[in-house]
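A.B. asks: Below is the file data.pdb, which contains PDB, C-alpha atoms and all ligand atoms.
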```pdb
ATOM      1  CA  MET F   1      82.784 -73.253-215.528
ATOM      2  CA  HIS F   2      80.668 -70.318-214.454
ATOM      3  CA  VAL F   3      77.048 -70.843-215.461
ATOM      4  CA  SER F   4      74.509 -68.055-215.175
ATOM      5  CA  LYS F   5      72.136 -68.824-218.052
ATOM      6  CA  ALA F   6      69.818 -71.709-218.867
ATOM      7  CA  VAL F   7      68.294 -72.675-222.210
ATOM      8  CA  VAL F   8      65.133 -74.739-222.616
ATOM      9  CA  PRO F   9      64.250 -75.939-226.119
ATOM     10  CA  ALA F  10      60.455 -75.960-226.348
ATOM     11  CA  ALA F  11      59.754 -75.742-230.060
ATOM     12  CA  GLY F  12      58.736 -79.386-230.694
ATOM     13  CA  LEU F  13      55.343 -80.144-232.192
ATOM     14  CA  GLY F  14      54.256 -82.571-229.468
ATOM     15  CA  THR F  15      52.789 -85.018-231.971
ATOM     16  CA  ARG F  16      52.801 -87.874-229.425
ATOM     17  CA  PHE F  17      50.166 -85.985-227.456
ATOM     18  CA  LEU F  18      47.726 -85.137-230.231
ATOM     19  CA  PRO F  19      44.958 -84.092-229.990
ATOM     20  CA  ALA F  20      45.842 -82.533-226.588
ATOM     21  CA  THR F  21      48.610 -80.569-228.294
ATOM     22  CA  LYS F  22      46.671 -79.443-231.342
ATOM     23  CA  ALA F  23      46.005 -76.001-229.907
ATOM     24  CA  GLN F  24      48.386 -75.839-226.928
ATOM     25  CA  PRO F  25      52.099 -76.488-226.429
ATOM     26  CA  LYS F  26      53.009 -79.877-224.951
ATOM     27  CA  GLU F  27      55.180 -78.043-222.427
ATOM     28  CA  MET F  28      51.957 -76.578-221.007
ATOM     29  CA  LEU F  29      50.338 -79.968-220.306
ATOM     30  CA  PRO F  30      49.728 -80.056-216.579
ATOM     31  CA  VAL F  31      51.562 -82.326-214.176
ATOM     32  CA  VAL F  32      49.147 -82.234-211.228
ATOM     33  CA  ASP F  33      48.354 -78.507-211.198
ATOM     34  CA  LYS F  34      51.341 -76.847-212.861
ATOM     35  CA  PRO F  35      52.359 -76.910-216.508
ATOM     36  CA  ALA F  36      55.327 -79.219-217.073
ATOM     37  CA  ILE F  37      57.600 -76.323-218.041
ATOM     38  CA  HIS F  38      56.873 -74.630-214.714
ATOM     39  CA  TYR F  39      58.791 -77.421-212.922
ATOM     40  CA  ILE F  40      61.710 -76.775-215.277
ATOM     41  CA  ALA F  41      61.674 -73.063-214.353
ATOM     42  CA  GLU F  42      61.643 -74.037-210.663
ATOM     43  CA  GLU F  43      64.609 -76.348-211.195
ATOM     44  CA  VAL F  44      66.517 -73.512-212.869
ATOM     45  CA  ILE F  45      65.879 -71.090-210.001
ATOM     46  CA  ASP F  46      66.518 -73.749-207.344
ATOM     47  CA  SER F  47      69.891 -74.395-209.002
ATOM     48  CA  GLY F  48      70.854 -70.735-208.617
ATOM     49  CA  ILE F  49      70.302 -69.547-212.215
ATOM     50  CA  GLU F  50      68.140 -66.480-212.822
ATOM     51  CA  ASP F  51      68.328 -66.103-216.591
ATOM     52  CA  LEU F  52      66.200 -68.510-218.651
ATOM     53  CA  LEU F  53      65.933 -68.521-222.430
ATOM     54  CA  ILE F  54      63.086 -70.567-223.880
ATOM     55  CA  VAL F  55      63.405 -71.553-227.542
ATOM     56  CA  THR F  56      59.857 -71.560-228.867
ATOM     57  CA  GLY F  57      58.135 -71.838-232.214
ATOM     58  CA  ARG F  58      54.701 -71.593-233.769
ATOM     59  CA  GLY F  59      51.790 -72.122-231.406
ATOM     60  CA  LYS F  60      53.804 -71.641-228.224
ATOM     61  CA  ARG F  61      52.435 -68.333-227.043
ATOM     62  CA  ALA F  62      50.751 -69.880-224.002
ATOM     63  CA  ILE F  63      54.242 -70.397-222.540
ATOM     64  CA  GLU F  64      54.909 -66.655-222.677
ATOM     65  CA  ASP F  65      51.544 -65.911-221.112
ATOM     66  CA  HIS F  66      52.268 -68.376-218.324
ATOM     67  CA  PHE F  67      55.539 -66.715-217.340
ATOM     68  CA  ASP F  68      53.927 -63.293-217.240
ATOM     69  CA  ARG F  69      51.820 -61.395-214.746
ATOM     70  CA  SER F  70      48.077 -61.602-215.088
ATOM     71  CA  ILE F  71      46.750 -58.310-213.812
ATOM     72  CA  GLU F  72      43.109 -59.472-214.158
ATOM     73  CA  LEU F  73      43.664 -62.634-212.093
ATOM     74  CA  GLU F  74      45.708 -60.791-209.492
ATOM     75  CA  HIS F  75      42.898 -58.268-209.200
ATOM     76  CA  LEU F  76      40.171 -60.908-208.940
ATOM     77  CA  LEU F  77      42.003 -63.281-206.630
ATOM     78  CA  GLU F  78      43.837 -61.173-204.119
ATOM     79  CA  ASP F  79      46.131 -63.245-201.897
ATOM     80  CA  ASN F  80      45.678 -66.459-203.853
ATOM     81  CA  PRO F  81      48.576 -68.682-202.701
ATOM     82  CA  HIS F  82      49.082 -70.315-206.125
ATOM     83  CA  LEU F  83      49.291 -66.953-207.865
ATOM     84  CA  SER F  84      51.680 -65.569-205.235
ATOM     85  CA  GLU F  85      53.892 -68.621-205.679
ATOM     86  CA  LEU F  86      54.046 -68.012-209.423
ATOM     87  CA  GLN F  87      54.681 -64.326-208.820
ATOM     88  CA  SER F  88      57.580 -65.023-206.480
ATOM     89  CA  LEU F  89      59.117 -67.340-209.114
ATOM     90  CA  LEU F  90      58.790 -64.554-211.681
ATOM     91  CA  ASP F  91      60.366 -62.043-209.307
ATOM     92  CA  ARG F  92      63.483 -64.182-209.192
ATOM     93  CA  LEU F  93      63.649 -65.411-212.788
ATOM     94  CA  GLN F  94      64.085 -63.397-215.957
ATOM     95  CA  VAL F  95      62.597 -65.260-218.900
ATOM     96  CA  PHE F  96      63.637 -64.552-222.490
ATOM     97  CA  TYR F  97      62.394 -66.058-225.752
ATOM     98  CA  VAL F  98      63.751 -66.795-229.173
ATOM     99  CA  ARG F  99      61.904 -68.591-231.941
ATOM    100  CA  GLN F 100      63.245 -71.536-233.864
ATOM    101  CA  GLY F 101      61.799 -70.724-237.270
ATOM    102  CA  ARG F 102      62.309 -74.166-238.764
ATOM    103  CA  PRO F 103      62.129 -77.518-236.933
ATOM    104  CA  LEU F 104      65.612 -78.742-237.853
ATOM    105  CA  GLY F 105      66.378 -80.653-234.654
ATOM    106  CA  LEU F 106      67.571 -80.240-231.075
ATOM    107  CA  GLY F 107      71.037 -79.058-232.130
ATOM    108  CA  HIS F 108      69.482 -76.375-234.318
ATOM    109  CA  ALA F 109      67.193 -75.276-231.453
ATOM    110  CA  ILE F 110      70.217 -74.858-229.180
ATOM    111  CA  ALA F 111      72.061 -72.969-231.923
ATOM    112  CA  CYS F 112      69.193 -70.436-231.863
ATOM    113  CA  ALA F 113      70.342 -69.491-228.338
ATOM    114  CA  GLU F 114      73.744 -68.246-229.488
ATOM    115  CA  ARG F 115      72.928 -64.525-229.570
ATOM    116  CA  HIS F 116      71.518 -64.625-226.052
ATOM    117  CA  VAL F 117      74.114 -66.899-224.475
ATOM    118  CA  ASP F 118      76.998 -65.188-226.255
ATOM    119  CA  GLU F 119      80.296 -66.248-224.674
ATOM    120  CA  SER F 120      78.910 -67.679-221.426
ATOM    121  CA  ASP F 121      78.886 -71.262-220.260
ATOM    122  CA  PHE F 122      75.253 -72.332-220.046
ATOM    123  CA  ALA F 123      72.875 -75.073-218.964
ATOM    124  CA  VAL F 124      70.381 -76.910-221.189
ATOM    125  CA  LEU F 125      67.266 -78.547-219.746
ATOM    126  CA  LEU F 126      65.043 -80.678-221.979
ATOM    127  CA  PRO F 127      61.469 -80.214-220.777
ATOM    128  CA  ASP F 128      60.539 -83.850-221.536
ATOM    129  CA  ASP F 129      62.690 -84.887-218.580
ATOM    130  CA  LEU F 130      61.364 -83.999-215.130
ATOM    131  CA  TYR F 131      63.168 -84.872-211.918
ATOM    132  CA  LEU F 132      61.975 -85.239-208.352
ATOM    133  CA  GLY F 133      64.349 -85.453-205.441
ATOM    134  CA  PRO F 134      66.021 -83.586-202.648
ATOM    135  CA  GLU F 135      68.614 -81.856-204.875
ATOM    136  CA  PRO F 136      67.667 -80.389-208.259
ATOM    137  CA  ALA F 137      69.171 -82.411-211.121
ATOM    138  CA  LEU F 138      70.696 -79.270-212.643
ATOM    139  CA  ALA F 139      72.316 -78.284-209.338
ATOM    140  CA  GLN F 140      74.069 -81.677-209.298
ATOM    141  CA  LEU F 141      75.359 -81.078-212.820
ATOM    142  CA  LEU F 142      76.576 -77.581-211.971
ATOM    143  CA  GLN F 143      78.468 -78.975-209.000
ATOM    144  CA  ALA F 144      80.129 -81.581-211.216
ATOM    145  CA  ALA F 145      80.989 -78.945-213.836
ATOM    146  CA  GLU F 146      82.774 -77.026-211.106
ATOM    147  CA  GLU F 147      84.450 -80.158-209.719
ATOM    148  CA  PHE F 148      85.844 -81.191-213.128
ATOM    149  CA  ASP F 149      86.032 -77.656-214.514
ATOM    150  CA  ALA F 150      84.505 -79.067-217.693
ATOM    151  CA  PRO F 151      81.234 -79.562-219.577
ATOM    152  CA  VAL F 152      78.976 -82.240-218.078
ATOM    153  CA  VAL F 153      75.961 -84.220-219.294
ATOM    154  CA  ALA F 154      73.457 -86.161-217.187
ATOM    155  CA  VAL F 155      73.238 -89.896-217.891
ATOM    156  CA  ARG F 156      71.280 -92.919-216.677
ATOM    157  CA  GLU F 157      71.630 -96.593-217.423
ATOM    158  CA  VAL F 158      68.727 -97.312-219.772
ATOM    159  CA  GLU F 159      67.019-100.595-220.646
ATOM    160  CA  PRO F 160      68.499-102.397-223.687
ATOM    161  CA  GLU F 161      65.259-101.919-225.643
ATOM    162  CA  ASP F 162      65.411 -98.151-224.967
ATOM    163  CA  VAL F 163      69.001 -97.568-226.108
ATOM    164  CA  GLN F 164      67.840 -96.424-229.542
ATOM    165  CA  ARG F 165      65.804 -93.592-228.010
ATOM    166  CA  TYR F 166      68.816 -91.845-226.453
ATOM    167  CA  GLY F 167      72.172 -90.221-227.039
ATOM    168  CA  ILE F 168      74.532 -92.897-225.688
ATOM    169  CA  ILE F 169      77.988 -92.138-224.293
ATOM    170  CA  ALA F 170      81.165 -94.162-224.631
ATOM    171  CA  PRO F 171      82.727 -93.783-221.170
ATOM    172  CA  SER F 172      86.498 -93.991-220.824
ATOM    173  CA  SER F 173      87.913 -96.665-218.530
ATOM    174  CA  GLU F 174      89.383 -93.953-216.289
ATOM    175  CA  ARG F 175      88.132 -94.409-212.710
ATOM    176  CA  LEU F 176      86.535 -91.290-211.297
ATOM    177  CA  ARG F 177      84.231 -91.016-208.321
ATOM    178  CA  ASP F 178      81.059 -93.171-208.225
ATOM    179  CA  GLY F 179      78.553 -92.334-210.954
ATOM    180  CA  ALA F 180      80.972 -90.077-212.874
ATOM    181  CA  TYR F 181      82.547 -90.804-216.247
ATOM    182  CA  ARG F 182      84.816 -89.107-218.722
ATOM    183  CA  VAL F 183      83.044 -89.141-222.087
ATOM    184  CA  GLN F 184      85.173 -90.466-224.912
ATOM    185  CA  ASP F 185      82.542 -90.401-227.586
ATOM    186  CA  MET F 186      78.779 -90.173-228.045
ATOM    187  CA  VAL F 187      76.303 -91.508-230.545
ATOM    188  CA  GLU F 188      72.717 -90.432-231.127
ATOM    189  CA  LYS F 189      70.067 -93.161-231.028
ATOM    190  CA  PRO F 190      72.263 -96.149-231.926
ATOM    191  CA  ASP F 191      70.999 -99.682-232.487
ATOM    192  CA  LEU F 192      71.648-101.790-229.407
ATOM    193  CA  ALA F 193      74.291-103.779-231.281
ATOM    194  CA  ASP F 194      76.297-100.622-232.032
ATOM    195  CA  ALA F 195      75.783 -98.853-228.693
ATOM    196  CA  PRO F 196      79.057 -98.142-226.865
ATOM    197  CA  SER F 197      77.295 -98.523-223.467
ATOM    198  CA  ARG F 198      73.831 -98.342-221.982
ATOM    199  CA  LEU F 199      74.445 -94.905-220.461
ATOM    200  CA  GLY F 200      71.861 -92.627-222.063
ATOM    201  CA  VAL F 201      71.864 -88.832-221.902
ATOM    202  CA  VAL F 202      68.830 -87.757-219.902
ATOM    203  CA  GLY F 203      67.951 -84.157-220.585
ATOM    204  CA  ARG F 204      70.451 -82.005-218.670
ATOM    205  CA  TYR F 205      73.686 -80.502-220.015
ATOM    206  CA  VAL F 206      76.250 -77.919-218.891
ATOM    207  CA  LEU F 207      77.945 -76.587-222.009
ATOM    208  CA  PRO F 208      80.608 -74.076-223.022
ATOM    209  CA  SER F 209      79.847 -71.439-225.653
ATOM    210  CA  SER F 210      82.263 -73.236-228.018
ATOM    211  CA  ILE F 211      79.435 -75.745-228.603
ATOM    212  CA  PHE F 212      77.944 -73.143-230.991
ATOM    213  CA  ARG F 213      80.969 -73.412-233.257
ATOM    214  CA  HIS F 214      80.508 -77.201-233.358
ATOM    215  CA  LEU F 215      76.772 -76.837-233.945
ATOM    216  CA  ARG F 216      77.432 -74.618-236.950
ATOM    217  CA  ALA F 217      79.628 -77.351-238.418
ATOM    218  CA  THR F 218      77.181 -80.168-237.626
ATOM    219  CA  GLN F 219      75.455 -81.812-240.576
ATOM    220  CA  PRO F 220      72.029 -83.455-240.264
ATOM    221  CA  GLY F 221      72.399 -86.806-238.484
ATOM    222  CA  ALA F 222      69.912 -89.214-236.869
ATOM    223  CA  LYS F 223      66.355 -88.645-238.199
ATOM    224  CA  GLY F 224      67.821 -86.143-240.689
ATOM    225  CA  GLU F 225      68.059 -83.546-237.890
ATOM    226  CA  ILE F 226      70.923 -81.434-236.559
ATOM    227  CA  GLN F 227      71.759 -83.282-233.362
ATOM    228  CA  LEU F 228      73.226 -81.783-230.193
ATOM    229  CA  THR F 229      74.879 -85.161-229.593
ATOM    230  CA  ASP F 230      76.926 -84.800-232.802
ATOM    231  CA  ALA F 231      78.221 -81.363-231.731
ATOM    232  CA  LEU F 232      79.063 -82.801-228.295
ATOM    233  CA  ARG F 233      80.948 -85.592-229.961
ATOM    234  CA  ALA F 234      83.157 -82.972-231.659
ATOM    235  CA  LEU F 235      83.533 -81.149-228.331
ATOM    236  CA  CYS F 236      84.785 -84.387-226.668
ATOM    237  CA  ARG F 237      87.621 -84.502-229.179
ATOM    238  CA  GLU F 238      88.645 -80.967-228.306
ATOM    239  CA  ARG F 239      88.445 -80.972-224.508
ATOM    240  CA  PRO F 240      87.443 -83.295-221.660
ATOM    241  CA  VAL F 241      83.691 -83.747-221.225
ATOM    242  CA  TYR F 242      82.195 -85.612-218.264
ATOM    243  CA  ALA F 243      78.943 -87.421-217.525
ATOM    244  CA  ILE F 244      77.309 -87.972-214.163
ATOM    245  CA  GLU F 245      74.430 -90.114-213.053
ATOM    246  CA  VAL F 246      72.028 -87.703-211.399
ATOM    247  CA  ARG F 247      70.303 -88.756-208.188
ATOM    248  CA  GLY F 248      66.512 -88.528-207.958
ATOM    249  CA  GLU F 249      63.498 -89.946-209.741
ATOM    250  CA  ARG F 250      63.341 -89.212-213.456
ATOM    251  CA  TYR F 251      60.102 -88.917-215.396
ATOM    252  CA  ASP F 252      60.170 -89.088-219.170
ATOM    253  CA  ILE F 253      57.072 -87.062-220.000
ATOM    254  CA  GLY F 254      57.721 -87.211-223.730
ATOM    255  CA  GLU F 255      55.098 -89.936-224.025
ATOM    256  CA  PRO F 256      51.680 -90.545-222.464
ATOM    257  CA  ILE F 257      52.630 -93.339-220.020
ATOM    258  CA  GLY F 258      55.562 -91.292-218.721
ATOM    259  CA  LEU F 259      53.286 -88.296-218.241
ATOM    260  CA  LEU F 260      50.820 -90.448-216.279
ATOM    261  CA  ARG F 261      53.675 -91.769-214.138
ATOM    262  CA  ALA F 262      54.751 -88.189-213.478
ATOM    263  CA  GLN F 263      51.206 -87.222-212.439
ATOM    264  CA  ILE F 264      51.276 -89.930-209.803
ATOM    265  CA  GLY F 265      54.868 -89.345-208.688
ATOM    266  CA  PHE F 266      54.497 -85.570-208.360
ATOM    267  CA  ALA F 267      51.134 -85.898-206.599
ATOM    268  CA  LEU F 268      52.596 -88.410-204.107
ATOM    269  CA  ALA F 269      55.379 -85.901-203.371
ATOM    270  CA  ARG F 270      52.787 -83.283-202.386
ATOM    271  CA  PRO F 271      51.860 -83.419-198.696
ATOM    272  CA  ASP F 272      48.403 -81.999-199.446
ATOM    273  CA  LEU F 273      47.635 -84.693-202.049
ATOM    274  CA  ALA F 274      49.677 -87.786-201.124
ATOM    275  CA  GLU F 275      47.074 -89.380-198.865
ATOM    276  CA  GLY F 276      44.246 -88.864-201.363
ATOM    277  CA  VAL F 277      46.315 -90.306-204.215
ATOM    278  CA  ARG F 278      47.298 -93.376-202.191
ATOM    279  CA  GLU F 279      43.645 -93.962-201.385
ATOM    280  CA  LEU F 280      42.712 -93.537-205.047
ATOM    281  CA  LEU F 281      45.357 -96.061-206.132
ATOM    282  CA  ARG F 282      44.252 -98.538-203.468
ATOM    283  CA  GLN F 283      40.658 -98.297-204.628
ATOM    284  CA  ALA F 284      41.390 -98.407-208.339
ATOM    285  CA  PHE F 285      43.734-101.373-208.393
TER     286      PHE F 285
HETATM  287  C1  LIG W   1      66.938 -85.977-227.090
HETATM  288  C2  LIG W   1      68.432 -86.083-227.402
HETATM  289  C3  LIG W   1      69.008 -87.410-226.894
HETATM  290  C4  LIG W   1      68.701 -87.553-225.411
HETATM  291  C5  LIG W   1      67.184 -87.428-225.159
HETATM  292  C6  LIG W   1      66.906 -87.410-223.660
HETATM  293  O1  LIG W   1      66.252 -86.901-227.897
HETATM  294  O2  LIG W   1      68.638 -85.945-228.799
HETATM  295  O3  LIG W   1      70.398 -87.442-227.103
HETATM  296  O4  LIG W   1      69.186 -88.789-224.936
HETATM  297  O5  LIG W   1      66.665 -86.209-225.716
HETATM  298  O6  LIG W   1      65.545 -87.411-223.369
HETATM  299  P1  LIG W   1      64.633 -86.812-228.123
HETATM  300  O7  LIG W   1      64.027 -87.446-226.906
HETATM  301  O8  LIG W   1      64.307 -85.361-228.243
HETATM  302  O9  LIG W   1      64.374 -87.589-229.349
END
```
How would this structure read if it were set down as structure tokens?
C.D. replies:
Amino acid sequence: MHVSKAVVPAAGLGTRFLPATKAQPKEMLPVVDKPAIHYIAEEVIDSGIEDLLIVTGRGKRAIEDHFDRSIELEHLLEDNPHLSELQSLLDRLQVFYVRQGRPLGLGHAIACAERHVDESDFAVLLPDDLYLGPEPALAQLLQAAEEFDAPVVAVREVEPEDVQRYGIIAPSSERLRDGAYRVQDMVEKPDLADAPSRLGVVGRYVLPSSIFRHLRATQPGAKGEIQLTDALRALCRERPVYAIEVRGERYDIGEPIGLLRAQIGFALARPDLAEGVRELLRQAF
């Protein structure tokens, strides 16, 4: 697999964060002092990809403004380190946009990327999943995609009560290296009793362009939406697909407690803030 493009679906309404998301995209909610989607862009660049397509929708214009120069700010704040950091990210990353006109599900959002991705293999990063660790989560997936010369999804063992919030894989009994599985089948948000394992897909995918053909044939599934998991399930029948457990701390910022956890985790990882945060936590609890 040769991957040179990344796709980030960011068209969701963010209803779990109302009223914070009434007038701003949930992807722009800050984690410490950067919008959540900024960490995703950093992960893309740190994994060696320079072409990022963001699938947006109504009310998402702040994302485009974020990944753009601000001549006024640059003029007012010459040599501001935060602005220069953003600028150097933008110098290395080309950001493109496409709008998902109708909210028909994750699979439909990914299908909107077809024109841009064309016949390339590509990466998908769900912005509700943030990772912290020495190696970017996506870089680990890209390595595995090269190792197996096949599509790869990121998985984690999830708690039994959380199984119905994830796409769950059915791993084959084939023994691969530690933390790697061949995917036999997948099911979106199953009941615990029907789940083929507790290995949930956690927001990172390396996919071939043939996924678009499967997406076109995918009918609405769980929650009445066109699910990426259902297209992947068809892909598994056509060619080998693998799953790896990515190393690093994962933060599910799709809900308020996860976002709070991410605030603390990301602040503790910052040398300039760690001491202050530890002190704050000691005092507060
Ligand atoms: C999506 C996917 C699901 C995956 C999850 C990871 O669900 O459909 O397969 O396990 O992201 O966070 P969502 O969280 O958008 O409902």
A.B. asks: For the provided coordinates, the residues matched by the PyMOL selection byres (((not hetatm)) within 6 of (chain W and resi 1)) should be stated as JSON, numbers by chain.
C.D. replies: {"F": [166, 167, 188, 200, 201, 202, 203, 229]}
A.B. asks: Would you work out the distance separating atom CA of Phe96 of chain F from atom CA of Glu50 of chain F, expressed in Å to one decimal?
C.D. replies: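 Interatomic distance here is 10.8 Å.
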A.B. asks: Of the candidates F:Val31, F:Ile54, F:Leu126, F:Ile63, which one gets nearest to Arg270 of chain F if we count all atoms listed in the file?
C.D. replies: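 Of F:Val31, F:Ile54, F:Leu126, F:Ile63, the one nearest Arg270 of chain F is F:Val31, counting all atoms listed in the file.
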A.B. asks: Can you work out which one of F:Leu89, F:Val206, F:Leu273, F:Ala109 has the shortest atom-to-atom distance to Leu141 of chain F, counting all atoms listed in the file?
C.D. replies: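 That would be F:Val206, the residue with the smallest distance to Leu141 of chain F.
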A.B. asks: Distance atom CA of Leu142 of chain F-atom CA of Tyr205 of chain F, one decimal place?
C.D. replies: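 One can read the atom CA of Leu142 of chain F to atom CA of Tyr205 of chain F distance as 9.0 Å.
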A.B. asks: Just the residues within 10 Å of Thr218 of chain F, please, counting only C-alpha atoms, with nothing from its chain fewer than 4 positions along; format it as a PyMOL selection string.
C.D. replies: chain F and resi 107-108+212-214+225-232+234
A.B. asks: Please export segment 8-28 of chain F as a CSV table (one decimal), in the first residue's frame, restricted to N, CA and C atoms.
C.D. replies:
```csv
chain,number,residue,atom,x,y,z
F,8,VAL,N,-10.4,13.2,6.8
F,8,VAL,CA,-11.0,13.3,8.1
F,8,VAL,C,-12.4,13.7,8.0
F,9,PRO,N,-13.4,12.8,8.4
F,9,PRO,CA,-14.8,13.2,8.4
F,9,PRO,C,-15.1,14.1,9.5
F,10,ALA,N,-15.6,15.3,9.2
F,10,ALA,CA,-15.8,16.3,10.3
F,10,ALA,C,-17.2,17.0,10.1
F,11,ALA,N,-18.2,16.2,9.6
F,11,ALA,CA,-19.4,16.9,9.3
F,11,ALA,C,-20.5,16.7,10.3
F,12,GLY,N,-20.2,15.9,11.4
F,12,GLY,CA,-21.2,15.6,12.4
F,12,GLY,C,-21.7,16.8,13.1
F,13,LEU,N,-22.9,16.7,13.7
F,13,LEU,CA,-23.5,17.9,14.3
F,13,LEU,C,-23.0,18.2,15.7
F,14,GLY,N,-22.4,17.2,16.4
F,14,GLY,CA,-21.8,17.5,17.7
F,14,GLY,C,-22.9,17.7,18.8
F,15,THR,N,-24.0,16.9,18.6
F,15,THR,CA,-25.1,17.2,19.6
F,15,THR,C,-24.8,16.9,21.0
F,16,ARG,N,-23.8,16.0,21.2
F,16,ARG,CA,-23.4,15.6,22.6
F,16,ARG,C,-22.8,16.8,23.3
F,17,PHE,N,-22.4,17.8,22.6
F,17,PHE,CA,-21.7,19.0,23.2
F,17,PHE,C,-22.5,20.3,23.1
F,18,LEU,N,-23.8,20.1,22.9
F,18,LEU,CA,-24.6,21.3,22.9
F,18,LEU,C,-24.7,21.8,24.3
F,19,PRO,N,-24.7,23.1,24.6
F,19,PRO,CA,-24.8,24.2,23.6
F,19,PRO,C,-23.4,24.7,23.1
F,20,ALA,N,-22.3,24.0,23.5
F,20,ALA,CA,-21.0,24.5,23.1
F,20,ALA,C,-20.9,24.4,21.6
F,21,THR,N,-21.6,23.5,20.9
F,21,THR,CA,-21.5,23.3,19.5
F,21,THR,C,-22.6,23.9,18.7
F,22,LYS,N,-23.4,24.8,19.4
F,22,LYS,CA,-24.5,25.4,18.6
F,22,LYS,C,-24.0,26.3,17.5
F,23,ALA,N,-22.9,27.0,17.8
F,23,ALA,CA,-22.4,28.0,16.8
F,23,ALA,C,-21.0,27.7,16.4
F,24,GLN,N,-20.4,26.6,16.8
F,24,GLN,CA,-19.0,26.2,16.4
F,24,GLN,C,-18.9,24.7,16.2
F,25,PRO,N,-18.1,24.3,15.3
F,25,PRO,CA,-17.9,22.9,15.1
F,25,PRO,C,-17.3,22.2,16.3
F,26,LYS,N,-17.7,20.9,16.6
F,26,LYS,CA,-17.2,20.2,17.8
F,26,LYS,C,-15.7,20.0,17.5
F,27,GLU,N,-15.3,19.9,16.3
F,27,GLU,CA,-13.8,19.6,16.0
F,27,GLU,C,-13.0,20.8,16.4
F,28,MET,N,-13.6,22.0,16.7
F,28,MET,CA,-12.9,23.1,17.0
F,28,MET,C,-12.8,23.3,18.6
```
